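Since the structure comes first, as structure tokens, the remarks are kept for the end.
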Amino acid sequence: MVTKKGLIDNELMKEVLTIRTDTLFRMLEQNRQGFFPKPTEEGATGRYDNKGAIFIPGGLVYQDVDERFIRYESYGTITGADFRSRIREAMRYDNATLLYPDGIAASINLDGGFFSKAARRIYTYKRAAYRRIKTIGSLHSIEISADDIIKSHCPTYMKPPYGARTRISTCISVGLIDQPMYFAYNKTELNFSAKQSQRFIIDLERTREHAVSADDTILYPPYIIVCHDTRYKENSFTGLTRILGIGSFGAFATFSFESLNKQLTSELKRKKMIVKPEDIFAQCENIPILGIIRIYRKTNPGKRSVKYALHIVSPEEDIGLNLPQLRKNSL
């Protein structure tokens with residue numbers, strides 16, 4: 001299973017969590033003034049993540065919704081600080097941000113139907129191929145829907161109907177989970193030539209690699225990062241962050257800011273986790289707020305694994321945040 005360090009020890013996640021922390025201070029001020037959004041409402045965001053975001057390894061995407069080849073301006077080697085500045089700039093725009101070892105393509109409009117069809121077809125074929133009983137039976141027993149796939153990559157408190165950001169990010173993660181089948185689907189649907197096939201294979205293989213900065217830090221992980229602008233549950237203070245494509249089908253991770261209420265206290269006790277003073281990001285009505293990562297194990301389409309690992313994120317030790325300065329700048 002992927003580790004906490006494997007998820008957040010990179011410039012992309014550190015910048016996302018920095019922005020989420022800035023949002024946390026703003027949401028606490030909204031809560032004080034009585035303007036805190038409900039769990040199912042959009043708007044649990046700040047000035048940098050007000051549109052949410054999807055960060056995708058660029059090699060997974062061959063063309064945009066208008067069937068245009070993806071192009072970007074290469075920046076060559078780049079420092080971690082400069083990369084984080086470009087990430088923050090990209091979050092000003094809607095749609096997806098595609099990440100390459102030498103560049104970024106921001107505000108790319110993706111064809112949700114294409115990726116939904118890819119995920120549905122791949123896992124329907126796999127279910128049919130691995131059936132022990134070789135009779136067809138009912139269509140329902142074989143066919144897998146997009147909602148089945150999305151359900152397996154969301155916490156239980158995220159209920160359907162699922163939005164476009166949730167749908168696209170989840171379905172495209174099949175390209176990280178099952179690359180041979182994903183390549184075969186793209187080759188068939190887009191009618192690749194031999195040259196196009198070879199290029200796409202190279203791009204796909206690069207999505208599994210860590211991109212490294214000029215100062216030897218990891219720029220971004222080989223995963224899909226989704227910044228939602230909805231809290232989804234009462235105990236969360238900012239939009240949920242999901243991390244997809246971290247292993248087998250159904251394996252994913254979440255990050256959320258949560259108050260240390262009775263439920264979270266009991267959960268930490270079950271997981272034998274101890275909260276230290278330096279783990280606290282802020283307080284709401286004298287109750288500490290923690291950054292929590294949950295890493296869910298693999299499962300089958302339409303199911304949700306109840307097994308997960310829980311980790312506490314320390315603002316200074318794990319992300320390198322100066323909380324007093326960030327709090328001052330956010331208000």
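So you can find residues: chains in the structure tokens are A, B, ... in the order shown, residues in each start at 1, and ligands are numbered from 1 in order.
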Original post:
Hey, what's within 6 Å of Ala211 of chain A if we count only C-alpha atoms and toss same-chain stuff fewer than 6 positions away? As a ChimeraX atom specification, please?
Top reply: /A:101,218-219
Neighbours of Ala146 of chain A within 7 Å (only C-alpha atoms; same-chain residues fewer than 3 positions away dropped), as an mmCIF file with N, CA, C and O atoms, in the first residue's frame?
data_model
loop_
_atom_site.group_PDB
_atom_site.id
_atom_site.type_symbol
_atom_site.label_atom_id
_atom_site.label_comp_id
_atom_site.auth_asym_id
_atom_site.auth_seq_id
_atom_site.Cartn_x
_atom_site.Cartn_y
_atom_site.Cartn_z
ATOM 1 N N SER A 116 -15.438 7.753 -19.714
ATOM 2 C CA SER A 116 -16.458 6.914 -19.086
ATOM 3 C C SER A 116 -16.635 5.620 -19.868
ATOM 4 O O SER A 116 -16.704 4.527 -19.293
ATOM 5 N N ARG A 120 -15.902 1.826 -18.479
ATOM 6 C CA ARG A 120 -17.000 0.845 -18.498
ATOM 7 C C ARG A 120 -16.654 -0.356 -19.353
ATOM 8 O O ARG A 120 -16.876 -1.509 -18.953
ATOM 9 N N ILE A 149 -18.043 2.127 -10.939
ATOM 10 C CA ILE A 149 -16.615 2.429 -10.879
ATOM 11 C C ILE A 149 -16.356 3.612 -9.954
ATOM 12 O O ILE A 149 -15.434 3.590 -9.125
ATOM 13 N N ILE A 150 -17.187 4.647 -10.068
ATOM 14 C CA ILE A 150 -17.010 5.843 -9.237
ATOM 15 C C ILE A 150 -17.253 5.520 -7.770
ATOM 16 O O ILE A 150 -16.490 5.955 -6.894
#
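Looking only at segment 218-289 of chain A, the set that DSSP places in alpha helix (DSSP H) from backbone geometry is A:Lys262, A:Gln263, A:Leu264, A:Thr265, A:Ser266, A:Glu267, A:Leu268, A:Lys269, A:Arg270.
Nearest residue to Val65 of chain A among A:Asp22, A:Asp111, A:Glu11, A:Glu258 is A:Asp111, counting only C-alpha atoms.
Of the listed residues (A:Arg242, A:Arg270, A:Lys117, A:Lys4), A:Arg242 comes nearest to Cys154 of chain A; the distances count only C-alpha atoms.
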**OP:** Report the distance between atom CA of Arg208 of chain A and atom CA of Tyr223 of chain A in Å, rounded to one decimal place.
**Re:** 8.1 Å
Excluding same-chain residues fewer than 4 positions from Ser74 of chain A, what lies within 8 Å of it counting only C-alpha atoms, as a PDB file with N, CA and C atoms, in the first residue's frame?
ATOM      1  N   ASP A 102       8.246  18.045 -18.353  1.00  0.00           N
ATOM      2  CA  ASP A 102       8.874  19.290 -18.784  1.00  0.00           C
ATOM      3  C   ASP A 102       7.876  20.403 -19.087  1.00  0.00           C
ATOM      4  N   GLY A 103       6.627  20.275 -18.599  1.00  0.00           N
ATOM      5  CA  GLY A 103       5.653  21.320 -18.893  1.00  0.00           C
ATOM      6  C   GLY A 103       4.285  21.052 -18.306  1.00  0.00           C
ATOM      7  N   ILE A 104       3.401  22.049 -18.429  1.00  0.00           N
ATOM      8  CA  ILE A 104       2.033  21.980 -17.915  1.00  0.00           C
ATOM      9  C   ILE A 104       1.079  22.472 -18.996  1.00  0.00           C
TER      10      ILE A 104
END
Original post:
What is the atom CA of Gly52 of chain A-atom CA of Cys227 of chain A distance in Å, reported with one decimal?
Top reply: 5.1 Å
